[in-house]
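File shown here: start-v1.cif, holding mmCIF, C-alpha atoms and all ligand atoms.
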```cif
data_query
#
loop_
_atom_site.group_PDB
_atom_site.id
_atom_site.type_symbol
_atom_site.label_atom_id
_atom_site.label_comp_id
_atom_site.auth_asym_id
_atom_site.auth_seq_id
_atom_site.Cartn_x
_atom_site.Cartn_y
_atom_site.Cartn_z
ATOM 1 C CA MET D 5 6.913 -31.940 5.691
ATOM 2 C CA ASN D 6 9.238 -30.217 8.151
ATOM 3 C CA VAL D 7 10.830 -27.150 6.598
ATOM 4 C CA ALA D 8 13.843 -27.087 8.964
ATOM 5 C CA ASP D 9 14.615 -30.721 8.001
ATOM 6 C CA LEU D 10 14.217 -29.830 4.353
ATOM 7 C CA LEU D 11 16.626 -26.896 4.671
ATOM 8 C CA ALA D 12 19.145 -28.773 6.795
ATOM 9 C CA SER D 13 19.414 -31.456 4.115
ATOM 10 C CA SER D 14 19.218 -29.084 1.140
ATOM 11 C CA ARG D 15 22.278 -28.825 -1.100
ATOM 12 C CA HIS D 16 21.100 -25.939 -3.243
ATOM 13 C CA CYS D 17 18.508 -23.757 -1.567
ATOM 14 C CA VAL D 18 17.607 -20.535 -3.354
ATOM 15 C CA VAL D 19 15.504 -17.678 -1.968
ATOM 16 C CA PHE D 20 13.089 -15.701 -4.141
ATOM 17 C CA THR D 21 11.854 -12.482 -2.564
ATOM 18 C CA GLY D 22 9.368 -9.691 -3.140
ATOM 19 C CA ALA D 23 8.309 -6.499 -1.425
ATOM 20 C CA GLY D 24 6.914 -8.379 1.611
ATOM 21 C CA ILE D 25 10.417 -9.172 2.903
ATOM 22 C CA SER D 26 11.051 -5.430 3.296
ATOM 23 C CA ALA D 27 7.615 -4.571 4.719
ATOM 24 C CA GLU D 28 8.844 -4.945 8.301
ATOM 25 C CA SER D 29 11.628 -2.477 7.505
ATOM 26 C CA GLY D 30 8.886 0.089 6.917
ATOM 27 C CA ILE D 31 9.031 -0.016 3.107
ATOM 28 C CA PRO D 32 5.548 -0.110 1.584
ATOM 29 C CA THR D 33 4.652 -3.093 -0.630
ATOM 30 C CA PHE D 34 3.048 -2.483 -4.029
ATOM 31 C CA ARG D 35 -0.314 -4.166 -3.783
ATOM 32 C CA GLY D 36 -2.817 -4.638 -0.978
ATOM 33 C CA PRO D 37 -3.723 -2.360 1.920
ATOM 34 C CA GLY D 38 -1.185 0.419 2.422
ATOM 35 C CA GLY D 39 0.590 -0.652 -0.800
ATOM 36 C CA LEU D 40 2.200 1.835 -3.162
ATOM 37 C CA TRP D 41 -0.362 1.254 -5.896
ATOM 38 C CA GLU D 42 -3.179 2.243 -3.560
ATOM 39 C CA ARG D 43 -2.069 5.849 -3.844
ATOM 40 C CA HIS D 44 -0.475 5.849 -7.294
ATOM 41 C CA LYS D 45 -1.559 4.052 -10.453
ATOM 42 C CA PRO D 46 1.298 1.937 -11.844
ATOM 43 C CA GLU D 47 0.630 3.168 -15.355
ATOM 44 C CA GLU D 48 1.084 6.735 -14.119
ATOM 45 C CA LEU D 49 4.479 6.089 -12.576
ATOM 46 C CA ALA D 50 6.128 2.774 -13.414
ATOM 47 C CA THR D 51 6.101 2.829 -17.196
ATOM 48 C CA PRO D 52 8.411 4.335 -19.832
ATOM 49 C CA GLU D 53 5.391 6.260 -21.172
ATOM 50 C CA ALA D 54 4.792 7.896 -17.781
ATOM 51 C CA PHE D 55 8.439 8.917 -17.631
ATOM 52 C CA ALA D 56 8.355 10.348 -21.148
ATOM 53 C CA ARG D 57 5.220 12.328 -20.243
ATOM 54 C CA ASP D 58 6.367 13.725 -16.892
ATOM 55 C CA PRO D 59 9.894 12.785 -15.744
ATOM 56 C CA ALA D 60 9.750 15.162 -12.770
ATOM 57 C CA LEU D 61 6.586 13.498 -11.400
ATOM 58 C CA VAL D 62 8.096 10.032 -11.738
ATOM 59 C CA TRP D 63 11.358 11.203 -10.129
ATOM 60 C CA ARG D 64 9.514 12.836 -7.231
ATOM 61 C CA TRP D 65 7.999 9.401 -6.473
ATOM 62 C CA TYR D 66 11.364 7.666 -6.738
ATOM 63 C CA LYS D 67 13.098 10.355 -4.633
ATOM 64 C CA TRP D 68 10.460 9.836 -1.931
ATOM 65 C CA ARG D 69 10.986 6.063 -2.077
ATOM 66 C CA GLN D 70 14.789 6.516 -1.986
ATOM 67 C CA GLU D 71 14.365 8.593 1.177
ATOM 68 C CA VAL D 72 12.176 5.926 2.822
ATOM 69 C CA ILE D 73 14.690 3.191 1.916
ATOM 70 C CA TYR D 74 17.711 5.317 2.895
ATOM 71 C CA ASN D 75 16.262 5.721 6.382
ATOM 72 C CA ALA D 76 15.260 2.060 6.672
ATOM 73 C CA ARG D 77 17.314 -0.848 7.921
ATOM 74 C CA PRO D 78 17.314 -4.535 6.993
ATOM 75 C CA ASN D 79 15.011 -6.516 9.300
ATOM 76 C CA PRO D 80 15.477 -9.952 10.937
ATOM 77 C CA GLY D 81 14.117 -11.613 7.755
ATOM 78 C CA HIS D 82 16.926 -10.155 5.606
ATOM 79 C CA TYR D 83 19.512 -11.084 8.243
ATOM 80 C CA ALA D 84 18.190 -14.649 8.545
ATOM 81 C CA ILE D 85 18.584 -15.172 4.782
ATOM 82 C CA ALA D 86 22.137 -13.772 4.900
ATOM 83 C CA GLU D 87 22.918 -16.094 7.798
ATOM 84 C CA LEU D 88 21.641 -19.131 5.869
ATOM 85 C CA GLU D 89 23.969 -18.137 3.027
ATOM 86 C CA ALA D 90 26.922 -17.720 5.417
ATOM 87 C CA MET D 91 26.138 -21.204 6.812
ATOM 88 C CA GLY D 92 26.428 -22.577 3.267
ATOM 89 C CA MET D 93 22.755 -23.462 3.159
ATOM 90 C CA VAL D 94 21.532 -20.844 0.697
ATOM 91 C CA ARG D 95 23.220 -20.464 -2.701
ATOM 92 C CA GLY D 96 21.736 -17.127 -3.590
ATOM 93 C CA VAL D 97 18.847 -14.707 -3.480
ATOM 94 C CA ILE D 98 16.739 -13.766 -6.486
ATOM 95 C CA THR D 99 14.912 -10.570 -5.632
ATOM 96 C CA GLN D 100 12.313 -8.433 -7.338
ATOM 97 C CA ASN D 101 13.129 -5.643 -4.911
ATOM 98 C CA VAL D 102 15.128 -2.573 -5.857
ATOM 99 C CA ASP D 103 15.942 -1.485 -2.290
ATOM 100 C CA GLY D 104 19.346 -3.145 -1.752
ATOM 101 C CA LEU D 105 18.407 -4.364 1.755
ATOM 102 C CA HIS D 106 19.553 -7.959 1.132
ATOM 103 C CA GLN D 107 23.043 -6.684 0.335
ATOM 104 C CA ARG D 108 22.994 -4.376 3.369
ATOM 105 C CA ALA D 109 22.102 -7.405 5.545
ATOM 106 C CA GLY D 110 25.168 -9.259 4.235
ATOM 107 C CA SER D 111 23.743 -11.438 1.442
ATOM 108 C CA ARG D 112 26.490 -11.885 -1.134
ATOM 109 C CA LEU D 113 24.881 -13.452 -4.182
ATOM 110 C CA VAL D 114 21.870 -11.284 -4.945
ATOM 111 C CA VAL D 115 20.270 -11.274 -8.381
ATOM 112 C CA GLU D 116 18.201 -8.135 -8.869
ATOM 113 C CA LEU D 117 15.527 -8.857 -11.465
ATOM 114 C CA HIS D 118 13.973 -5.388 -11.459
ATOM 115 C CA GLY D 119 17.118 -3.264 -11.180
ATOM 116 C CA SER D 120 18.129 -0.988 -8.344
ATOM 117 C CA ILE D 121 16.776 2.262 -6.978
ATOM 118 C CA TRP D 122 20.419 3.107 -6.176
ATOM 119 C CA ARG D 123 21.391 3.415 -9.831
ATOM 120 C CA ALA D 124 20.402 5.997 -12.418
ATOM 121 C CA ARG D 125 21.006 5.777 -16.128
ATOM 122 C CA CYS D 126 21.200 8.446 -18.820
ATOM 123 C CA VAL D 127 18.495 8.022 -21.441
ATOM 124 C CA LYS D 128 20.735 9.770 -23.995
ATOM 125 C CA CYS D 129 24.276 8.368 -23.581
ATOM 126 C CA GLY D 130 23.591 5.329 -21.343
ATOM 127 C CA SER D 131 26.021 6.383 -18.573
ATOM 128 C CA VAL D 132 25.198 4.647 -15.299
ATOM 129 C CA TYR D 133 25.468 6.418 -11.944
ATOM 130 C CA ILE D 134 25.703 4.608 -8.597
ATOM 131 C CA LEU D 135 23.816 6.601 -5.964
ATOM 132 C CA ASP D 136 24.761 6.500 -2.286
ATOM 133 C CA LYS D 137 21.926 8.759 -1.182
ATOM 134 C CA PRO D 138 18.628 10.097 -2.535
ATOM 135 C CA VAL D 139 18.887 12.358 -5.581
ATOM 136 C CA GLU D 140 18.798 16.084 -4.868
ATOM 137 C CA GLU D 141 17.579 17.752 -8.058
ATOM 138 C CA VAL D 142 14.509 16.364 -9.766
ATOM 139 C CA PRO D 143 14.785 15.277 -12.514
ATOM 140 C CA PRO D 144 18.547 14.701 -12.304
ATOM 141 C CA LEU D 145 20.683 15.315 -15.401
ATOM 142 C CA CYS D 146 23.704 13.505 -16.813
ATOM 143 C CA ARG D 147 27.026 15.152 -15.911
ATOM 144 C CA LYS D 148 28.563 13.880 -19.157
ATOM 145 C CA CYS D 149 26.019 14.846 -21.809
ATOM 146 C CA GLY D 150 23.299 16.821 -20.024
ATOM 147 C CA GLY D 151 20.694 14.157 -20.902
ATOM 148 C CA LEU D 152 17.898 13.105 -18.605
ATOM 149 C CA LEU D 153 18.678 10.412 -16.022
ATOM 150 C CA ARG D 154 16.110 7.726 -15.239
ATOM 151 C CA PRO D 155 15.956 5.259 -12.340
ATOM 152 C CA ASP D 156 17.763 2.061 -13.421
ATOM 153 C CA VAL D 157 14.747 -0.116 -12.639
ATOM 154 C CA VAL D 158 12.470 -2.258 -14.807
ATOM 155 C CA TRP D 159 9.128 -0.694 -15.642
ATOM 156 C CA PHE D 160 6.061 -2.405 -17.102
ATOM 157 C CA GLY D 161 6.580 -3.295 -20.738
ATOM 158 C CA GLU D 162 10.373 -3.320 -20.400
ATOM 159 C CA PRO D 163 12.541 -6.423 -20.646
ATOM 160 C CA LEU D 164 14.374 -7.684 -17.565
ATOM 161 C CA PRO D 165 18.186 -7.277 -17.589
ATOM 162 C CA GLN D 166 19.344 -10.267 -19.639
ATOM 163 C CA GLU D 167 22.250 -11.255 -17.389
ATOM 164 C CA ALA D 168 20.096 -11.114 -14.219
ATOM 165 C CA TRP D 169 17.381 -13.230 -15.830
ATOM 166 C CA ARG D 170 19.928 -15.793 -17.047
ATOM 167 C CA ALA D 171 21.509 -16.003 -13.554
ATOM 168 C CA ALA D 172 18.079 -16.334 -11.905
ATOM 169 C CA VAL D 173 16.959 -19.136 -14.216
ATOM 170 C CA GLU D 174 20.256 -20.933 -13.641
ATOM 171 C CA LEU D 175 19.937 -20.687 -9.848
ATOM 172 C CA ALA D 176 16.272 -21.710 -9.834
ATOM 173 C CA SER D 177 16.797 -24.638 -12.210
ATOM 174 C CA ALA D 178 19.559 -26.049 -10.021
ATOM 175 C CA SER D 179 17.717 -25.526 -6.724
ATOM 176 C CA ASP D 180 16.411 -28.374 -4.594
ATOM 177 C CA VAL D 181 14.497 -26.004 -2.313
ATOM 178 C CA LEU D 182 13.084 -22.639 -3.374
ATOM 179 C CA LEU D 183 12.087 -20.415 -0.499
ATOM 180 C CA VAL D 184 9.560 -17.863 -1.765
ATOM 181 C CA VAL D 185 9.181 -14.899 0.570
ATOM 182 C CA GLY D 186 6.726 -11.993 0.455
ATOM 183 C CA THR D 187 5.650 -11.772 -3.144
ATOM 184 C CA SER D 188 2.160 -11.654 -4.646
ATOM 185 C CA GLY D 189 3.553 -13.613 -7.620
ATOM 186 C CA VAL D 190 1.538 -11.685 -10.183
ATOM 187 C CA VAL D 191 4.300 -9.890 -12.068
ATOM 188 C CA TYR D 192 5.904 -11.756 -14.953
ATOM 189 C CA PRO D 193 8.396 -12.972 -16.024
ATOM 190 C CA ALA D 194 9.660 -12.932 -12.381
ATOM 191 C CA ALA D 195 6.670 -15.039 -11.294
ATOM 192 C CA TYR D 196 7.904 -17.870 -13.543
ATOM 193 C CA ILE D 197 10.837 -18.450 -11.134
ATOM 194 C CA PRO D 198 8.910 -20.695 -8.675
ATOM 195 C CA ARG D 199 7.478 -22.641 -11.629
ATOM 196 C CA ILE D 200 10.921 -23.074 -13.173
ATOM 197 C CA ALA D 201 12.259 -24.395 -9.851
ATOM 198 C CA LYS D 202 9.275 -26.688 -9.343
ATOM 199 C CA GLU D 203 9.557 -28.158 -12.839
ATOM 200 C CA ALA D 204 13.251 -28.801 -12.210
ATOM 201 C CA GLY D 205 12.295 -30.866 -9.146
ATOM 202 C CA ALA D 206 12.647 -28.364 -6.291
ATOM 203 C CA ARG D 207 10.393 -28.255 -3.258
ATOM 204 C CA VAL D 208 8.715 -24.857 -3.075
ATOM 205 C CA VAL D 209 8.311 -23.386 0.415
ATOM 206 C CA GLU D 210 6.395 -20.134 0.689
ATOM 207 C CA ILE D 211 6.361 -17.604 3.527
ATOM 208 C CA ASN D 212 3.705 -14.919 3.265
ATOM 209 C CA VAL D 213 1.182 -13.217 5.523
ATOM 210 C CA GLU D 214 -1.527 -14.370 3.124
ATOM 211 C CA PRO D 215 -1.916 -16.836 0.239
ATOM 212 C CA SER D 216 -0.544 -15.570 -3.080
ATOM 213 C CA ALA D 217 -0.602 -16.603 -6.737
ATOM 214 C CA ILE D 218 2.346 -18.915 -5.904
ATOM 215 C CA THR D 219 0.517 -20.773 -3.096
ATOM 216 C CA PRO D 220 -1.202 -23.333 -5.388
ATOM 217 C CA ILE D 221 2.198 -24.722 -6.453
ATOM 218 C CA ALA D 222 3.857 -24.460 -3.010
ATOM 219 C CA ASP D 223 4.669 -27.740 -1.256
ATOM 220 C CA VAL D 224 4.584 -25.928 2.084
ATOM 221 C CA PHE D 225 2.905 -22.617 2.887
ATOM 222 C CA ILE D 226 3.925 -20.909 6.113
ATOM 223 C CA GLN D 227 1.547 -18.108 6.985
ATOM 224 C CA GLY D 228 3.315 -15.385 8.911
ATOM 225 C CA ARG D 229 5.604 -12.361 8.824
ATOM 226 C CA ALA D 230 8.954 -12.984 7.165
ATOM 227 C CA GLY D 231 10.810 -11.158 9.934
ATOM 228 C CA GLU D 232 9.399 -13.574 12.498
ATOM 229 C CA VAL D 233 9.220 -16.858 10.562
ATOM 230 C CA LEU D 234 12.715 -16.746 9.019
ATOM 231 C CA PRO D 235 14.755 -16.228 12.228
ATOM 232 C CA ARG D 236 12.762 -19.040 13.864
ATOM 233 C CA LEU D 237 13.549 -21.268 10.926
ATOM 234 C CA VAL D 238 17.278 -20.471 11.158
ATOM 235 C CA GLU D 239 17.294 -21.418 14.836
ATOM 236 C CA GLU D 240 15.553 -24.726 14.063
ATOM 237 C CA VAL D 241 18.020 -25.487 11.259
ATOM 238 C CA LYS D 242 20.947 -24.760 13.605
ATOM 239 C CA ARG D 243 19.468 -27.120 16.182
ATOM 240 C CA ARG D 244 19.176 -29.876 13.545
ATOM 241 C CA LEU D 245 22.777 -29.358 12.480
ATOM 242 C CA ARG D 246 24.035 -29.445 16.089
ATOM 243 C CA THR D 247 22.165 -32.706 16.708
ATOM 244 C CA ARG D 248 23.552 -34.156 13.495
ATOM 245 C CA GLN D 249 27.118 -33.133 14.484
ATOM 246 C CA ALA D 250 26.695 -34.654 17.936
ATOM 247 C CA LEU D 251 25.564 -37.936 16.347
ATOM 248 C CA THR D 252 28.459 -38.088 13.850
ATOM 249 C CA PRO D 253 31.092 -40.524 15.140
HETATM 250 C C1 LIG E 301 4.485 -10.166 3.429
HETATM 251 C C2 LIG E 301 4.695 -9.308 4.506
HETATM 252 C C3 LIG E 301 5.505 -9.775 5.560
HETATM 253 C C4 LIG E 301 3.470 -8.281 3.063
HETATM 254 N N1 LIG E 301 6.018 -11.005 5.509
HETATM 255 N N2 LIG E 301 4.993 -11.381 3.420
HETATM 256 C C5 LIG E 301 2.776 -12.900 -18.572
HETATM 257 C C6 LIG E 301 1.499 -12.980 -18.097
HETATM 258 C C7 LIG E 301 0.811 -11.815 -17.751
HETATM 259 C C8 LIG E 301 1.380 -10.565 -17.895
HETATM 260 C C9 LIG E 301 2.661 -10.465 -18.379
HETATM 261 C C10 LIG E 301 3.338 -11.628 -18.718
HETATM 262 N N3 LIG E 301 4.564 -11.262 -19.133
HETATM 263 C C11 LIG E 301 4.656 -9.914 -19.067
HETATM 264 C C12 LIG E 301 3.513 -9.405 -18.626
HETATM 265 C C13 LIG E 301 3.265 -7.939 -18.419
HETATM 266 C C14 LIG E 301 3.818 -7.380 -17.146
HETATM 267 C C15 LIG E 301 3.099 -8.060 -15.992
HETATM 268 O O1 LIG E 301 3.591 -8.950 -15.353
HETATM 269 N N4 LIG E 301 1.873 -7.616 -15.719
HETATM 270 C C16 LIG E 301 1.056 -8.209 -14.652
HETATM 271 C C17 LIG E 301 0.953 -7.231 -13.496
HETATM 272 C C18 LIG E 301 -0.265 -8.565 -15.229
HETATM 273 N N5 LIG E 301 5.262 -7.579 -17.040
HETATM 274 C C19 LIG E 301 6.136 -6.704 -17.543
HETATM 275 O O2 LIG E 301 5.769 -5.714 -18.144
HETATM 276 C C20 LIG E 301 7.611 -7.027 -17.377
HETATM 277 N N6 LIG E 301 8.283 -6.889 -18.627
HETATM 278 C C21 LIG E 301 8.122 -7.748 -19.639
HETATM 279 O O3 LIG E 301 7.466 -8.740 -19.544
HETATM 280 O O4 LIG E 301 8.783 -7.393 -20.775
HETATM 281 C C22 LIG E 301 8.584 -8.172 -21.939
HETATM 282 C C23 LIG E 301 9.461 -7.569 -23.020
HETATM 283 C C24 LIG E 301 10.371 -8.380 -23.662
HETATM 284 C C25 LIG E 301 11.165 -7.826 -24.652
HETATM 285 C C26 LIG E 301 11.052 -6.483 -24.985
HETATM 286 C C27 LIG E 301 10.145 -5.674 -24.334
HETATM 287 C C28 LIG E 301 9.344 -6.220 -23.330
HETATM 288 C C29 LIG E 301 8.290 -6.016 -16.436
HETATM 289 C C30 LIG E 301 7.749 -6.046 -15.062
HETATM 290 C C31 LIG E 301 8.405 -4.934 -14.240
HETATM 291 C C32 LIG E 301 7.821 -4.815 -12.843
HETATM 292 N N7 LIG E 301 8.269 -3.618 -12.239
HETATM 293 C C33 LIG E 301 7.897 -3.299 -10.878
HETATM 294 C C34 LIG E 301 8.456 -1.910 -10.546
HETATM 295 C C35 LIG E 301 9.976 -2.015 -10.355
HETATM 296 C C36 LIG E 301 10.616 -0.701 -10.061
HETATM 297 C C37 LIG E 301 10.162 -0.089 -8.769
HETATM 298 O O5 LIG E 301 10.289 -0.690 -7.683
HETATM 299 O O6 LIG E 301 9.664 1.021 -8.868
HETATM 300 O O7 LIG E 301 8.407 -4.288 -9.971
HETATM 301 S S1 LIG E 301 6.118 -3.400 -10.578
HETATM 302 C C38 LIG E 301 6.257 -4.058 -8.938
HETATM 303 O O8 LIG E 301 5.730 -5.416 -8.880
HETATM 304 C C39 LIG E 301 7.764 -4.188 -8.675
HETATM 305 C C40 LIG E 301 7.843 -5.489 -7.926
HETATM 306 O O9 LIG E 301 9.151 -6.014 -7.979
HETATM 307 C C41 LIG E 301 6.798 -6.330 -8.635
HETATM 308 C C42 LIG E 301 6.324 -7.500 -7.820
HETATM 309 O O10 LIG E 301 5.671 -7.108 -6.653
HETATM 310 P P1 LIG E 301 5.858 -7.931 -5.298
HETATM 311 O O11 LIG E 301 7.265 -7.858 -4.879
HETATM 312 O O12 LIG E 301 5.280 -9.261 -5.445
HETATM 313 O O13 LIG E 301 5.050 -7.020 -4.264
HETATM 314 P P2 LIG E 301 3.457 -7.028 -3.936
HETATM 315 O O14 LIG E 301 3.145 -5.765 -3.272
HETATM 316 O O15 LIG E 301 2.669 -7.367 -5.145
HETATM 317 O O16 LIG E 301 3.279 -8.230 -2.931
HETATM 318 C C43 LIG E 301 3.816 -8.182 -1.617
HETATM 319 C C44 LIG E 301 3.523 -9.513 -0.939
HETATM 320 O O17 LIG E 301 4.131 -9.504 0.340
HETATM 321 C C45 LIG E 301 2.034 -9.799 -0.717
HETATM 322 O O18 LIG E 301 1.760 -11.120 -1.148
HETATM 323 C C46 LIG E 301 1.863 -9.680 0.806
HETATM 324 O O19 LIG E 301 0.873 -10.558 1.311
HETATM 325 C C47 LIG E 301 3.240 -10.051 1.298
HETATM 326 N N8 LIG E 301 3.626 -9.499 2.598
HETATM 327 N N9 LIG E 301 3.981 -8.135 4.309
HETATM 328 C C48 LIG E 301 5.699 -11.789 4.458
HETATM 329 N N10 LIG E 301 5.739 -8.998 6.683
#
```
Could you render the structure from this file as structure tokens?
Ligand code: BJW
Amino acid sequence: MNVADLLASSRHCVVFTGAGISAESGIPTFRGPGGLWERHKPEELATPEAFARDPALVWRWYKWRQEVIYNARPNPGHYAIAELEAMGMVRGVITQNVDGLHQRAGSRLVVELHGSIWRARCVKCGSVYILDKPVEEVPPLCRKCGGLLRPDVVWFGEPLPQEAWRAAVELASASDVLLVVGTSGVVYPAAYIPRIAKEAGARVVEINVEPSAITPIADVFIQGRAGEVLPRLVEEVKRRLRTRQALTP
């Protein structure tokens, strides 16, 4: 099955991304060699219990990650996805990432399943703060009530934002092609998205440097770096469309 042909004739392609799409921007993934969990145990940092125990420790980790992301730029993989959306080929992106790089690359419809590192939320009064740079004080406090702020992300044991989950399921269920990029596919409920798309009749195309938990249900697995494979794919799709235009009477 040729993926460029599949995309060029798709009417509702949706992209589902994980940390691997941002790896070539210099942002560490979670699992595997060099991943974030190699140095920090998830239960020590990405749980509500860890935050309750030591908010300053958790915030120091998030401040460090905010600094890495702040100094990073979207890579050719992010730009290729945005271009496919601008061409009318991609309906939207469902991402597990909290880094905001899809939006910075120009993607317009981005569903963030695990929140955003660029928002903080007061645990006492619920006020939400949009951040345009890394936090300064750690842990930061609410300007309205003095309560503790927390990163507005989804930790283990927490439910996903209802509206984001609803939008993601809607996009995936209506997709005819689901492009899965750079995720290990082990974190639920996000990892249900490829299954939801598949059951609704979509072809699942996966791009990853190595097989993942999604690979067994993928119709096509492209082994390679997202920042190299995706721009190549966009060029091939453009070529198909040009040929098609030239053949149209
Ligand atoms: C490249 C590349 C390149 C590298 N090019 N590719 C069902 C079954 C089993 C367990 C559960 C279940 N349902 C729930 C659970 C429990 C739990 C869970 O899933 N646990 C599993 C780990 C076992 N899930 C939860 O707790 C979720 N909540 C929940 O279910 O709530 C229920 C509830 C309902 C009602 C009331 C109360 C509760 C929440 C999950 C939250 C996950 N949060 C994190 C942190 C977010 C904030 C932050 O960033 O700090 O999300 S954990 C982390 O994992 C992060 C990621 O979004 C997520 C997924 O990781 P991802 O993106 O796949 O990254 P990696 O590193 O794993 O993989 C990178 C991939 O890229 C690799 O495959 C590489 O090969 C590849 N790659 N370079 C292409 N250049």
Problem - Atom-to-atom span, CA of Pro144 in chain D and CA of Tyr66 in chain D, Å - result: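 Taking CA of Pro144 in chain D and CA of Tyr66 in chain D, their separation equals 11.5 Å.
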Practice task
Check every protein, DNA and RNA residue against ligand LIG 301 (chain E), keep those with an atom at most 6 Å away (counting all atoms listed in the file), and present them as a ChimeraX atom specification.
Solution key: /D:22-25,27-28,33-35,50,100-102,118,157-163,186-193,211-214,216,229-230
Problem - All residues 9 Å or closer to Leu113 in chain D, only C-alpha atoms, same chain fewer than 5 positions away omitted, as a list in words - result: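 Here the answer would be Glu89, Arg95, Gly96, Val97, Ile98 and Gln107 of chain D.
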Fill in the blank from the handout: Across D:Glu87, D:Asp9, D:Asp156, D:Glu203, the smallest distance to Cys126 in chain D, with only C-alpha atoms counted, is shown by D:Asp156
Handout entry: Expected residue set, 12 Å radius at (8.9, -28.5, 5.8), only C-alpha atoms, as JSON, numbers by chain
Key = {"D": [5, 6, 7, 8, 9, 10, 11, 12, 13, 14, 181, 182, 183, 207, 208, 209, 210, 211, 222, 223, 224, 225, 226, 237, 240, 241]}
Handout entry: Which residue of D:Arg64, D:Phe20, D:Pro37, D:Met91 approaches Val238 in chain D most closely, using only C-alpha atoms
Key =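 Ranking D:Arg64, D:Phe20, D:Pro37, D:Met91 by distance to Val238 in chain D, first place goes to D:Met91.
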Problem - Picked residues, the PyMOL selection byres (((chain D and resi 171) around 12) and not hetatm), expected as a count of residues only - result: 26
Handout entry: Residue with smallest distance to Ala60 in chain D - pool D:Glu141, D:Asp136, D:Glu47, D:Glu42, counting all atoms listed in the file
Key =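 Distance minimum relative to Ala60 in chain D lands on D:Glu141.
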Exercise for the section: For CA of Ala124 in chain D and CA of His44 in chain D, determine how far apart the two atoms are, in Å to one decimal place. Expected result: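 We find that CA of Ala124 in chain D and CA of His44 in chain D lie 21.5 Å from each other.
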Problem - One-decimal distance in Å that lies between CA of Glu232 in chain D and CA of Gln70 in chain D - result: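 Spanning CA of Gln70 in chain D to CA of Glu232 in chain D is a straight-line distance of 25.3 Å.
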